[in-house]
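Asker: Contents of target06.csv (CSV, C-alpha atoms and all ligand atoms):
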```csv
chain,number,residue,atom,x,y,z
K,196,MET,CA,13.5,15.5,0.0
K,197,ALA,CA,15.1,15.8,-3.4
K,198,PHE,CA,15.0,19.0,-5.4
K,199,ILE,CA,13.8,17.1,-8.5
K,200,ARG,CA,10.4,16.6,-6.9
K,201,SER,CA,9.7,20.3,-7.2
K,202,THR,CA,10.1,20.1,-10.9
K,203,VAL,CA,7.6,17.4,-11.7
K,204,VAL,CA,4.6,19.6,-11.8
K,205,ALA,CA,6.1,21.2,-14.9
K,206,VAL,CA,5.8,18.0,-16.9
K,207,LEU,CA,2.0,17.8,-16.7
K,208,ALA,CA,0.6,18.0,-20.2
K,209,THR,CA,-2.5,17.3,-22.1
K,210,ALA,CA,-2.2,14.2,-24.3
K,211,THR,CA,-2.8,10.7,-23.1
K,212,ILE,CA,-0.9,7.7,-24.3
K,213,ALA,CA,-2.6,4.4,-24.3
K,214,THR,CA,-0.9,1.7,-22.2
K,215,ALA,CA,-1.6,-1.9,-21.6
K,216,ALA,CA,-1.2,-3.4,-18.2
K,217,THR,CA,1.5,-6.0,-17.6
K,218,SER,CA,0.6,-9.4,-16.3
K,219,GLY,CA,3.6,-9.4,-13.9
K,220,THR,CA,3.0,-9.7,-10.2
K,221,GLY,CA,6.1,-7.9,-8.8
K,222,LYS,CA,5.4,-5.0,-6.4
K,223,ARG,CA,8.2,-2.9,-7.7
K,224,GLY,CA,7.5,0.3,-9.6
K,225,LEU,CA,9.2,3.2,-11.3
K,226,ALA,CA,8.9,6.9,-10.1
K,227,TYR,CA,10.1,8.5,-13.4
K,228,ASN,CA,9.4,11.6,-15.4
K,229,ASN,CA,10.2,13.1,-18.8
K,230,ASN,CA,12.7,15.7,-17.6
K,231,ASN,CA,15.6,14.2,-19.6
K,232,VAL,CA,17.3,14.6,-22.9
K,233,TYR,CA,14.7,12.3,-24.5
K,234,GLY,CA,11.6,14.1,-23.2
K,235,ASN,CA,10.0,10.8,-22.6
K,236,ALA,CA,10.0,7.6,-20.4
K,237,SER,CA,13.1,6.3,-22.1
K,238,TYR,CA,15.1,5.7,-18.9
K,239,ALA,CA,12.3,3.6,-17.4
K,240,ASN,CA,11.9,1.7,-20.7
K,241,GLU,CA,15.6,1.1,-21.3
K,242,PHE,CA,16.8,0.1,-17.9
K,243,PHE,CA,13.9,-1.6,-16.2
K,244,ALA,CA,11.7,-3.4,-18.8
K,245,ASN,CA,13.7,-6.6,-18.5
K,246,SER,CA,13.1,-7.0,-14.7
K,247,SER,CA,10.3,-9.3,-13.9
K,248,GLN,CA,10.0,-7.6,-10.5
K,249,VAL,CA,9.3,-4.1,-11.9
K,250,THR,CA,5.7,-4.0,-13.2
K,251,TRP,CA,4.4,-0.5,-13.0
K,252,GLY,CA,5.3,3.2,-13.2
K,253,TYR,CA,4.0,6.7,-12.5
K,254,ASP,CA,5.3,10.1,-13.4
K,255,TRP,CA,3.4,12.3,-10.9
K,256,GLY,CA,0.8,13.1,-13.5
K,257,TYR,CA,-0.4,12.0,-17.0
K,258,PRO,CA,0.3,11.3,-19.8
K,259,SER,CA,2.9,8.5,-19.5
K,260,TRP,CA,5.3,9.9,-22.0
K,261,ASN,CA,5.4,6.6,-23.9
K,262,LEU,CA,6.1,4.4,-20.9
K,263,SER,CA,6.5,0.9,-22.3
K,264,SER,CA,3.4,-1.2,-22.3
K,265,VAL,CA,5.2,-3.9,-20.3
K,266,PHE,CA,4.5,-1.6,-17.4
K,267,GLU,CA,1.1,-0.6,-15.9
K,268,PHE,CA,1.0,3.2,-16.1
K,269,VAL,CA,-0.7,4.6,-13.0
K,270,PRO,CA,-2.0,8.2,-13.6
K,271,MET,CA,-1.8,10.6,-10.7
K,272,LEU,CA,-3.9,13.7,-10.0
K,273,TRP,CA,-1.0,15.8,-8.5
K,274,GLY,CA,-2.9,18.5,-6.8
K,275,LEU,CA,-6.4,20.0,-6.4
K,276,PRO,CA,-7.6,21.0,-9.9
K,277,SER,CA,-9.6,24.2,-10.4
K,278,GLY,CA,-12.3,22.2,-12.1
K,279,ASN,CA,-13.1,19.1,-14.0
K,280,ASP,CA,-10.2,18.3,-16.3
K,281,PRO,CA,-11.2,16.2,-19.4
K,282,ASP,CA,-7.6,14.9,-19.7
K,283,TRP,CA,-7.8,13.5,-16.2
K,284,THR,CA,-11.0,11.7,-17.0
K,285,ALA,CA,-9.5,10.4,-20.2
K,286,ALA,CA,-6.4,9.2,-18.4
K,287,VAL,CA,-8.5,7.3,-15.8
K,288,LYS,CA,-10.7,5.8,-18.6
K,289,THR,CA,-7.8,4.8,-20.8
K,290,ALA,CA,-7.7,1.1,-21.5
K,291,GLY,CA,-5.0,-0.4,-19.2
K,292,THR,CA,-5.6,2.0,-16.3
K,293,VAL,CA,-6.3,-0.2,-13.3
K,294,ASN,CA,-5.2,2.1,-10.4
K,295,ILE,CA,-5.1,5.8,-9.9
K,296,LEU,CA,-3.2,8.0,-7.4
K,297,GLY,CA,-4.3,11.3,-5.9
K,298,PHE,CA,-2.5,14.3,-4.5
K,299,ASN,CA,1.3,14.5,-4.0
K,300,GLU,CA,2.3,15.4,-0.5
K,301,PRO,CA,-0.8,17.6,0.3
K,302,ASP,CA,0.3,17.3,3.9
K,303,LEU,CA,3.4,19.4,3.3
K,304,THR,CA,4.0,23.1,2.6
K,305,TYR,CA,7.2,23.3,0.6
K,306,SER,CA,7.2,24.4,-3.0
K,307,GLY,CA,7.2,20.9,-4.5
K,308,SER,CA,4.2,19.8,-2.4
K,309,SER,CA,0.5,20.2,-3.2
K,310,ASN,CA,-0.1,21.8,0.2
K,311,ILE,CA,-3.9,21.2,0.7
K,312,LEU,CA,-5.9,21.6,3.9
K,313,PRO,CA,-7.3,18.3,5.1
K,314,ALA,CA,-10.9,19.4,4.7
K,315,ASN,CA,-10.2,20.6,1.1
K,316,ALA,CA,-8.3,17.5,0.2
K,317,ALA,CA,-11.3,15.4,1.4
K,318,GLN,CA,-13.7,17.5,-0.7
K,319,GLY,CA,-11.3,17.2,-3.7
K,320,TYR,CA,-11.0,13.4,-3.2
K,321,LEU,CA,-14.8,13.1,-3.3
K,322,THR,CA,-15.0,15.3,-6.4
K,323,TYR,CA,-12.1,14.0,-8.5
K,324,MET,CA,-11.2,10.5,-7.3
K,325,GLN,CA,-14.2,8.9,-5.7
K,326,PRO,CA,-16.4,9.0,-8.9
K,327,TYR,CA,-14.1,6.5,-10.5
K,328,ALA,CA,-14.2,4.0,-7.7
K,329,ASP,CA,-16.4,1.7,-9.7
K,330,ILE,CA,-14.0,1.4,-12.7
K,331,VAL,CA,-10.5,1.6,-11.2
K,332,ARG,CA,-8.8,1.1,-7.8
K,333,ILE,CA,-8.3,4.5,-6.0
K,334,GLY,CA,-5.6,5.4,-3.5
K,335,ALA,CA,-5.6,7.9,-0.6
K,336,PRO,CA,-3.3,10.9,-0.8
K,337,ASN,CA,0.4,10.4,-0.9
K,338,VAL,CA,1.7,11.7,2.5
K,339,LEU,CA,5.2,11.8,4.0
K,340,TRP,CA,4.5,9.3,6.8
K,341,ASN,CA,7.6,9.9,8.8
K,342,ASN,CA,7.2,13.7,8.9
K,343,TYR,CA,6.4,14.0,12.6
K,344,ASP,CA,7.7,17.6,12.8
K,345,SER,CA,4.9,20.1,13.5
K,346,THR,CA,5.0,21.4,9.9
K,347,SER,CA,1.9,20.2,8.0
K,348,SER,CA,-0.5,22.0,5.7
K,349,GLY,CA,-3.0,23.8,7.9
K,350,GLY,CA,-1.2,23.8,11.2
K,351,ASP,CA,1.3,22.7,13.8
K,352,TYR,CA,0.8,19.0,13.4
K,353,SER,CA,2.5,16.0,11.9
K,354,SER,CA,1.7,14.3,8.6
K,355,ARG,CA,0.1,11.5,10.7
K,356,VAL,CA,-2.3,14.1,12.2
K,357,TRP,CA,-2.9,15.6,8.7
K,358,THR,CA,-3.9,12.2,7.5
K,359,SER,CA,-6.3,11.6,10.5
K,360,TYR,CA,-7.9,15.0,9.8
K,361,PHE,CA,-8.2,14.1,6.1
K,362,MET,CA,-9.8,10.7,6.9
K,363,GLY,CA,-12.1,12.4,9.5
K,364,ASN,CA,-13.3,14.8,6.9
K,365,CYS,CA,-13.6,12.3,4.1
K,366,THR,CA,-17.1,11.0,5.1
K,367,GLY,CA,-18.2,8.2,2.8
K,368,CYS,CA,-14.9,8.0,1.1
K,369,HIS,CA,-13.7,4.7,-0.4
K,370,PHE,CA,-10.1,3.8,-0.4
K,371,ASP,CA,-8.6,0.8,-2.1
K,372,PHE,CA,-5.2,1.5,-0.7
K,373,ALA,CA,-3.2,4.2,1.2
K,374,CYS,CA,0.0,5.9,-0.1
K,375,ILE,CA,3.0,7.0,1.8
K,376,HIS,CA,6.4,8.5,1.2
K,377,TRP,CA,9.5,8.0,3.4
K,378,TYR,CA,12.9,9.8,3.4
K,379,GLN,CA,15.5,9.3,6.0
K,380,ASP,CA,19.3,8.9,6.3
K,381,CYS,CA,20.6,5.4,5.4
K,382,GLU,CA,22.5,5.5,8.7
K,383,PRO,CA,20.6,7.9,11.1
K,384,GLY,CA,23.4,7.8,13.7
K,385,ASN,CA,23.3,6.7,17.3
K,386,GLY,CA,23.8,3.2,15.9
K,387,GLU,CA,20.3,3.2,14.4
K,388,SER,CA,19.6,1.5,11.1
K,389,GLY,CA,17.7,3.3,8.4
K,390,ALA,CA,16.3,0.0,7.2
K,391,ASP,CA,14.9,-0.8,10.7
K,392,TRP,CA,13.5,2.7,10.8
K,393,PHE,CA,11.8,2.3,7.4
K,394,THR,CA,10.2,-1.1,8.2
K,395,SER,CA,8.9,0.2,11.6
K,396,ASN,CA,7.4,3.3,9.9
K,397,VAL,CA,5.7,1.2,7.1
K,398,THR,CA,4.4,-1.1,9.8
K,399,ASP,CA,3.1,1.9,11.7
K,400,ALA,CA,1.3,3.2,8.6
K,401,TYR,CA,-0.5,-0.1,8.1
K,402,ASN,CA,-1.4,-0.4,11.8
K,403,THR,CA,-2.8,3.1,11.7
K,404,LEU,CA,-4.6,3.2,8.4
K,405,GLN,CA,-5.6,-0.5,8.1
K,406,LEU,CA,-5.4,-0.4,4.3
K,407,PRO,CA,-3.1,-2.0,1.8
K,408,ILE,CA,0.0,0.2,1.5
K,409,TRP,CA,1.7,1.7,-1.5
K,410,ILE,CA,5.0,3.4,-0.8
K,411,THR,CA,5.0,5.7,-3.8
K,412,GLU,CA,8.3,7.4,-2.9
K,413,PHE,CA,11.1,6.3,-0.6
K,414,GLN,CA,14.8,6.8,-0.4
K,415,CYS,CA,17.5,6.7,2.2
K,416,TYR,CA,20.0,9.5,2.1
K,417,GLY,CA,23.5,8.3,1.7
K,418,SER,CA,26.1,7.1,-0.9
K,419,ASP,CA,25.0,4.9,-3.8
K,420,ASP,CA,26.5,1.9,-2.0
K,421,GLN,CA,24.7,2.7,1.2
K,422,GLN,CA,21.5,3.0,-0.7
K,423,ALA,CA,22.1,-0.4,-2.4
K,424,THR,CA,22.7,-2.0,1.0
K,425,PHE,CA,19.5,-0.4,2.3
K,426,LEU,CA,17.5,-1.8,-0.7
K,427,GLU,CA,19.0,-5.3,-0.4
K,428,SER,CA,17.8,-5.2,3.2
K,429,VAL,CA,14.3,-3.8,2.8
K,430,ILE,CA,13.2,-5.4,-0.5
K,431,PRO,CA,12.9,-8.9,0.8
K,432,TRP,CA,10.9,-7.5,3.8
K,433,LEU,CA,8.6,-5.5,1.5
K,434,ASP,CA,8.0,-8.4,-0.8
K,435,SER,CA,7.0,-10.7,2.1
K,436,GLN,CA,4.5,-8.3,3.8
K,437,ASP,CA,1.0,-9.1,2.4
K,438,TYR,CA,-0.2,-5.6,3.2
K,439,VAL,CA,2.5,-3.9,1.1
K,440,GLU,CA,1.0,-3.9,-2.3
K,441,ARG,CA,3.4,-1.8,-4.2
K,442,TYR,CA,6.5,0.4,-3.8
K,443,ALA,CA,8.6,2.7,-5.9
K,444,TYR,CA,12.1,3.8,-4.9
K,445,PHE,CA,13.1,7.4,-5.7
K,446,GLY,CA,13.8,7.5,-8.6
K,447,VAL,CA,14.5,6.8,-12.2
K,448,PHE,CA,16.9,9.7,-12.7
K,449,PRO,CA,20.7,10.1,-13.3
K,450,ASP,CA,22.5,10.1,-9.9
K,451,TYR,CA,19.6,8.1,-8.4
K,452,LEU,CA,18.8,4.6,-9.8
K,453,LEU,CA,20.9,5.5,-12.8
K,454,ASP,CA,24.6,6.5,-12.8
K,455,ASP,CA,25.6,10.2,-13.2
K,456,ALA,CA,25.6,10.1,-17.0
K,457,GLY,CA,22.2,8.3,-17.2
K,458,ASP,CA,23.7,5.5,-19.3
K,459,ALA,CA,23.7,2.6,-16.9
K,460,LEU,CA,22.1,1.5,-13.6
K,461,SER,CA,23.8,2.8,-10.5
K,462,ALA,CA,24.6,0.3,-7.6
K,463,SER,CA,21.3,1.1,-6.1
K,464,GLY,CA,19.6,0.6,-9.5
K,465,GLN,CA,21.3,-2.8,-9.7
K,466,ALA,CA,20.0,-3.7,-6.3
K,467,TYR,CA,16.5,-2.5,-7.3
K,468,VAL,CA,16.2,-4.9,-10.3
K,469,SER,CA,18.0,-7.8,-8.7
K,470,SER,CA,17.2,-8.1,-5.0
S,1,LIG,C1,12.1,8.9,-26.7
S,1,LIG,O1,12.7,10.0,-27.4
S,1,LIG,C2,13.8,9.6,-28.1
S,1,LIG,C3,14.5,10.9,-28.7
S,1,LIG,O2,13.5,11.7,-29.4
S,1,LIG,C4,13.4,8.7,-29.2
S,1,LIG,O3,14.5,8.2,-30.0
S,1,LIG,C5,12.7,7.5,-28.6
S,1,LIG,O4,12.2,6.6,-29.6
S,1,LIG,C6,11.6,7.9,-27.7
S,1,LIG,N1,11.1,6.7,-27.0
S,1,LIG,C7,9.8,6.5,-26.9
S,1,LIG,C8,9.5,5.2,-26.1
S,1,LIG,O5,8.9,7.2,-27.4
S,2,LIG,C1,5.8,8.6,-28.4
S,2,LIG,O1,5.8,7.5,-29.4
S,2,LIG,C2,5.2,8.0,-30.7
S,2,LIG,C3,5.0,6.8,-31.5
S,2,LIG,O2,6.3,6.1,-31.6
S,2,LIG,C4,6.2,9.0,-31.2
S,2,LIG,O3,5.6,9.5,-32.4
S,2,LIG,C5,6.3,10.2,-30.2
S,2,LIG,O4,7.3,11.1,-30.7
S,2,LIG,C6,6.8,9.7,-28.9
S,2,LIG,N1,6.8,10.7,-27.9
S,2,LIG,C7,7.8,11.1,-27.2
S,2,LIG,C8,7.6,12.2,-26.2
S,2,LIG,O5,8.9,10.5,-27.3
S,3,LIG,C1,17.0,-6.2,-22.1
S,3,LIG,O1,16.8,-7.3,-23.0
S,3,LIG,C2,17.1,-7.1,-24.3
S,3,LIG,C3,16.8,-8.4,-25.1
S,3,LIG,O2,17.3,-9.5,-24.5
S,3,LIG,C4,18.6,-6.7,-24.5
S,3,LIG,O3,18.9,-6.4,-25.8
S,3,LIG,C5,18.8,-5.4,-23.6
S,3,LIG,O4,20.2,-5.1,-23.6
S,3,LIG,C6,18.4,-5.7,-22.2
S,3,LIG,N1,18.5,-4.4,-21.5
S,3,LIG,C7,19.1,-4.3,-20.3
S,3,LIG,C8,19.1,-2.9,-19.7
S,3,LIG,O5,19.7,-5.2,-19.7
S,4,LIG,C1,-11.4,18.3,9.3
S,4,LIG,O1,-10.3,19.0,8.9
S,4,LIG,C2,-10.0,20.1,9.7
S,4,LIG,C3,-8.8,20.8,9.1
S,4,LIG,O2,-8.8,21.0,7.7
S,4,LIG,C4,-9.8,19.7,11.1
S,4,LIG,O3,-9.6,20.9,11.9
S,4,LIG,C5,-11.0,18.9,11.6
S,4,LIG,O4,-10.7,18.4,12.9
S,4,LIG,C6,-11.2,17.7,10.7
S,4,LIG,N1,-12.4,17.0,11.1
S,4,LIG,C7,-12.4,15.7,11.5
S,4,LIG,C8,-13.7,15.1,11.9
S,4,LIG,O5,-11.3,15.1,11.5
S,5,LIG,C1,9.5,6.1,12.5
S,5,LIG,O1,10.5,5.2,13.0
S,5,LIG,C2,11.3,5.9,14.0
S,5,LIG,C3,12.4,4.9,14.4
S,5,LIG,O2,11.8,3.7,14.9
S,5,LIG,C4,10.4,6.3,15.1
S,5,LIG,O3,11.3,7.1,16.1
S,5,LIG,C5,9.4,7.3,14.6
S,5,LIG,O4,8.5,7.6,15.7
S,5,LIG,C6,8.6,6.6,13.5
S,5,LIG,N1,7.6,7.6,13.0
S,5,LIG,C7,6.5,7.2,12.4
S,5,LIG,C8,5.6,8.3,11.9
S,5,LIG,O5,6.1,6.0,12.2
```
Could I get this file's structure written as C-alpha cells?

Answerer:
Amino acid sequence: MAFIRSTVVAVLATATIATAATSGTGKRGLAYNNNNVYGNASYANEFFANSSQVTWGYDWGYPSWNLSSVFEFVPMLWGLPSGNDPDWTAAVKTAGTVNILGFNEPDLTYSGSSNILPANAAQGYLTYMQPYADIVRIGAPNVLWNNYDSTSSGGDYSSRVWTSYFMGNCTGCHFDFACIHWYQDCEPGNGESGADWFTSNVTDAYNTLQLPIWITEFQCYGSDDQQATFLESVIPWLDSQDYVERYAYFGVFPDYLLDDAGDALSASGQAYVSS
C-alpha cells in the first residue's frame, strides 16, 4: 500500500468548492489530491477531463481543490470526527454532491488508515453519514477487501470479518453501495494472474455484501507496463459487471497514472483513459 496514502489526511481543509455533476455515465474515477506543485486538482483536470469514461473524483476528504466541474466530486469523511463538523455538512449539501464516502480503511491499523473498531465505526456511520441518506447516496466504509491476514482494527481477524462486525453493529443502517480497496502484485507468482485474482475478489465482495460495489482504490504492484496490461484486462470486465458501479485506480500522481515528471500520462494512465 503506497506511502502516499499516509499523507492524504494532511490535505483536509476547511473551505468547500462548489462543483456541478457531470452527465457522463462512465464508471471510472480519479483518486487524486492537492499534494503537488499546484496545490490543487490540476493533474486530474489537465489529464483526464477529455475522457468520456472518467466522470468523477475524490481526494480522501473535502474540499475538491478546484476539481473541474466536468467531474462529479465525491466528498469523503476520512475518519471518525470528534464532533459535528459544519464543513462536512456543507460539503454534503453543496449543489452537485450526489454521493458521499465514509471512513478510509477503518479496518486497518497502519498510520495511513483510520483504524476504527467495528462498533465505533457503526456508531460513527449512524451519526455522521446516515442523517444524509435522504439527500445523497451513502457508501459503507472503504475496506481493504483482500486483506485476509489477521491484522485488522480491533483484533486478529481479516478485513472481511471486520466488515461483518461493522455490519452486525450497524443496526438500522442504510447503505446505497459498498466500498472496497484492493492491492496485489500484477503477477503474484505460481503462474497466477493478478487480474484473475482481482476479478475473483471483487466478485466475492459483491456475493458477500449484496450491494453495488465501488472500488475506491485499487492497484497492482508492478512496472508501468505491467499495470497497463492489468488495466486493459480488468477494465472491460469492470464495465460489464452491473453490480460494479464505480472504480478509481490508484492514483492521479506522478509515477502512478502520470509519468515521473507529472507532465504526461504514464502507460497505465493511457490505458486508464483509453481501455
Ligand atoms: C492550480 O494552481 C495553479 C498554480 O497556482 C493555477 O495556475 C491553476 O489555475 C490552478 N487550477 C485551478 C483549477 O484552480
Ligand atoms: C481555485 O479557483 C479559484 C478561482 O479561479 C482561485 O482563485 C483559487 O486560487 C483556486 N484555488 C487553488 C487551490 O488553486
Ligand atoms: C483536451 O482537449 C483540449 C481541447 O480539445 C486540448 O486542448 C487538450 O490538449 C486536451 N488534453 C489532453 C490531456 O489531451
Ligand atoms: C460488534 O463489533 C464488535 C467489535 O467492535 C464485535 O465483537 C461484535 O461481535 C459485533 N457485533 C455483531 C452483532 O456483529
Ligand atoms: C482473493 O483472491 C485470491 C485468488 O483467487 C484468493 O486466494 C483469496 O482468498 C481472495 N480473497 C478474498 C478476500 O476475496

Asker: Which neighbours of Arg223 (chain K) fall inside 9 Å, counting all atoms listed in the file, when residues of the same chain fewer than 6 positions from it are skipped, and could you give them as a list in words?

Answerer: Gln248, Val249, Thr250, Trp251, Gly252, Asp434, Arg441, Tyr442, Ala443, Tyr444, Tyr467 and Val468 of chain K

Asker: Please extract the residues at most 7 Å from ligand LIG 1 (chain S), counting all atoms listed in the file, and provide them as a list in words, using the chain letters and residue numbers of this document.

Answerer: Tyr233, Gly234, Asn235, Ala236, Ser237, Asn240, Asn261, Leu262 and Ser263 of chain K

Asker: Show me which residues sit within 9 Å of ligand LIG 4 (chain S) when counting all atoms listed in the file, and put them as a list in words.

Answerer: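 Based on all atoms listed in the file, ligand LIG 4 (chain S) is surrounded within 9 Å by Ile311, Leu312, Pro313, Ala314, Asn315, Ala316, Ala317, Ser348, Gly349, Gly350, Trp357, Thr358, Ser359, Tyr360, Phe361, Met362, Gly363, Asn364, Cys365 and Thr366 of chain K.
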
Asker: What does the list of residues within 9 Å of ligand LIG 5 (chain S) look like if you count all atoms listed in the file, written as a PDB file with C-alpha atoms, in the frame of the given file?

Answerer:
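Once everything was written out, this is result.pdb:
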```pdb
ATOM      1  CA  LEU K 339       5.200  11.800   4.000  1.00  0.00           C
ATOM      2  CA  TRP K 340       4.500   9.300   6.800  1.00  0.00           C
ATOM      3  CA  ASN K 341       7.600   9.900   8.800  1.00  0.00           C
ATOM      4  CA  ASN K 342       7.200  13.700   8.900  1.00  0.00           C
ATOM      5  CA  TYR K 343       6.400  14.000  12.600  1.00  0.00           C
ATOM      6  CA  SER K 353       2.500  16.000  11.900  1.00  0.00           C
ATOM      7  CA  SER K 354       1.700  14.300   8.600  1.00  0.00           C
ATOM      8  CA  ARG K 355       0.100  11.500  10.700  1.00  0.00           C
ATOM      9  CA  GLU K 387      20.300   3.200  14.400  1.00  0.00           C
ATOM     10  CA  SER K 388      19.600   1.500  11.100  1.00  0.00           C
ATOM     11  CA  GLY K 389      17.700   3.300   8.400  1.00  0.00           C
ATOM     12  CA  ASP K 391      14.900  -0.800  10.700  1.00  0.00           C
ATOM     13  CA  TRP K 392      13.500   2.700  10.800  1.00  0.00           C
ATOM     14  CA  PHE K 393      11.800   2.300   7.400  1.00  0.00           C
ATOM     15  CA  THR K 394      10.200  -1.100   8.200  1.00  0.00           C
ATOM     16  CA  SER K 395       8.900   0.200  11.600  1.00  0.00           C
ATOM     17  CA  ASN K 396       7.400   3.300   9.900  1.00  0.00           C
ATOM     18  CA  VAL K 397       5.700   1.200   7.100  1.00  0.00           C
ATOM     19  CA  THR K 398       4.400  -1.100   9.800  1.00  0.00           C
ATOM     20  CA  ASP K 399       3.100   1.900  11.700  1.00  0.00           C
ATOM     21  CA  ALA K 400       1.300   3.200   8.600  1.00  0.00           C
TER      22      ALA K 400
END
```

Asker: Which residues of chain K come within 8 Å of ligand LIG 3 (chain S), and for each one, what is the closest pair of atoms and their distance in Å to one decimal, counting only C-alpha atoms and all ligand atoms, sorted by chain and residue number, as CSV?

Answerer:
```
residue,atom,partner,partner_atom,distance
K:Glu241,CA,S:LIG3,C8,5.6
K:Phe242,CA,S:LIG3,C8,4.2
K:Phe243,CA,S:LIG3,C8,6.4
K:Ala244,CA,S:LIG3,C1,6.8
K:Asn245,CA,S:LIG3,C1,4.9
K:Ala459,CA,S:LIG3,C8,7.7
```

Asker: Using all atoms listed in the file, can you tell me which of K:Ser428, K:Ser246, K:Ser309, K:Ser259 comes closest to ligand LIG 2 (chain S)?

Answerer: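 Going through K:Ser428, K:Ser246, K:Ser309, K:Ser259 one by one, the smallest distance to ligand LIG 2 (chain S) is for K:Ser259.
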
Asker: Counting only C-alpha atoms, which residue out of K:Phe298, K:Phe268, K:Trp432, K:Trp283 sits closest to Cys374 (chain K)?

Answerer: K:Phe298

Asker: Taking into account all atoms listed in the file, which residue in the set K:Val265, K:Val232, K:Ala423, K:Cys381 is nearest to ligand LIG 2 (chain S)?

Answerer: K:Val232

Asker: Can you work out the spacing between CA of Gly256 (chain K) and CA of Val439 (chain K) in Å, to one decimal?

Answerer: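 About the pair CA of Gly256 (chain K) and CA of Val439 (chain K): they are 22.5 Å apart.
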
Asker: Can you tell me, as a ChimeraX atom specification, what residues are no more than 9 Å from Leu460 (chain K) when counting all atoms listed in the file, ignoring any on the same chain fewer than 6 positions away?

Answerer: /K:242,449,451-454

Asker: From the list K:Gly307, K:Pro326, K:Pro258, K:Gly457, which residue is nearest Asn279 (chain K) when using all atoms listed in the file?

Answerer: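 Looking at the shortest contact to Asn279 (chain K), the residue is K:Pro326.
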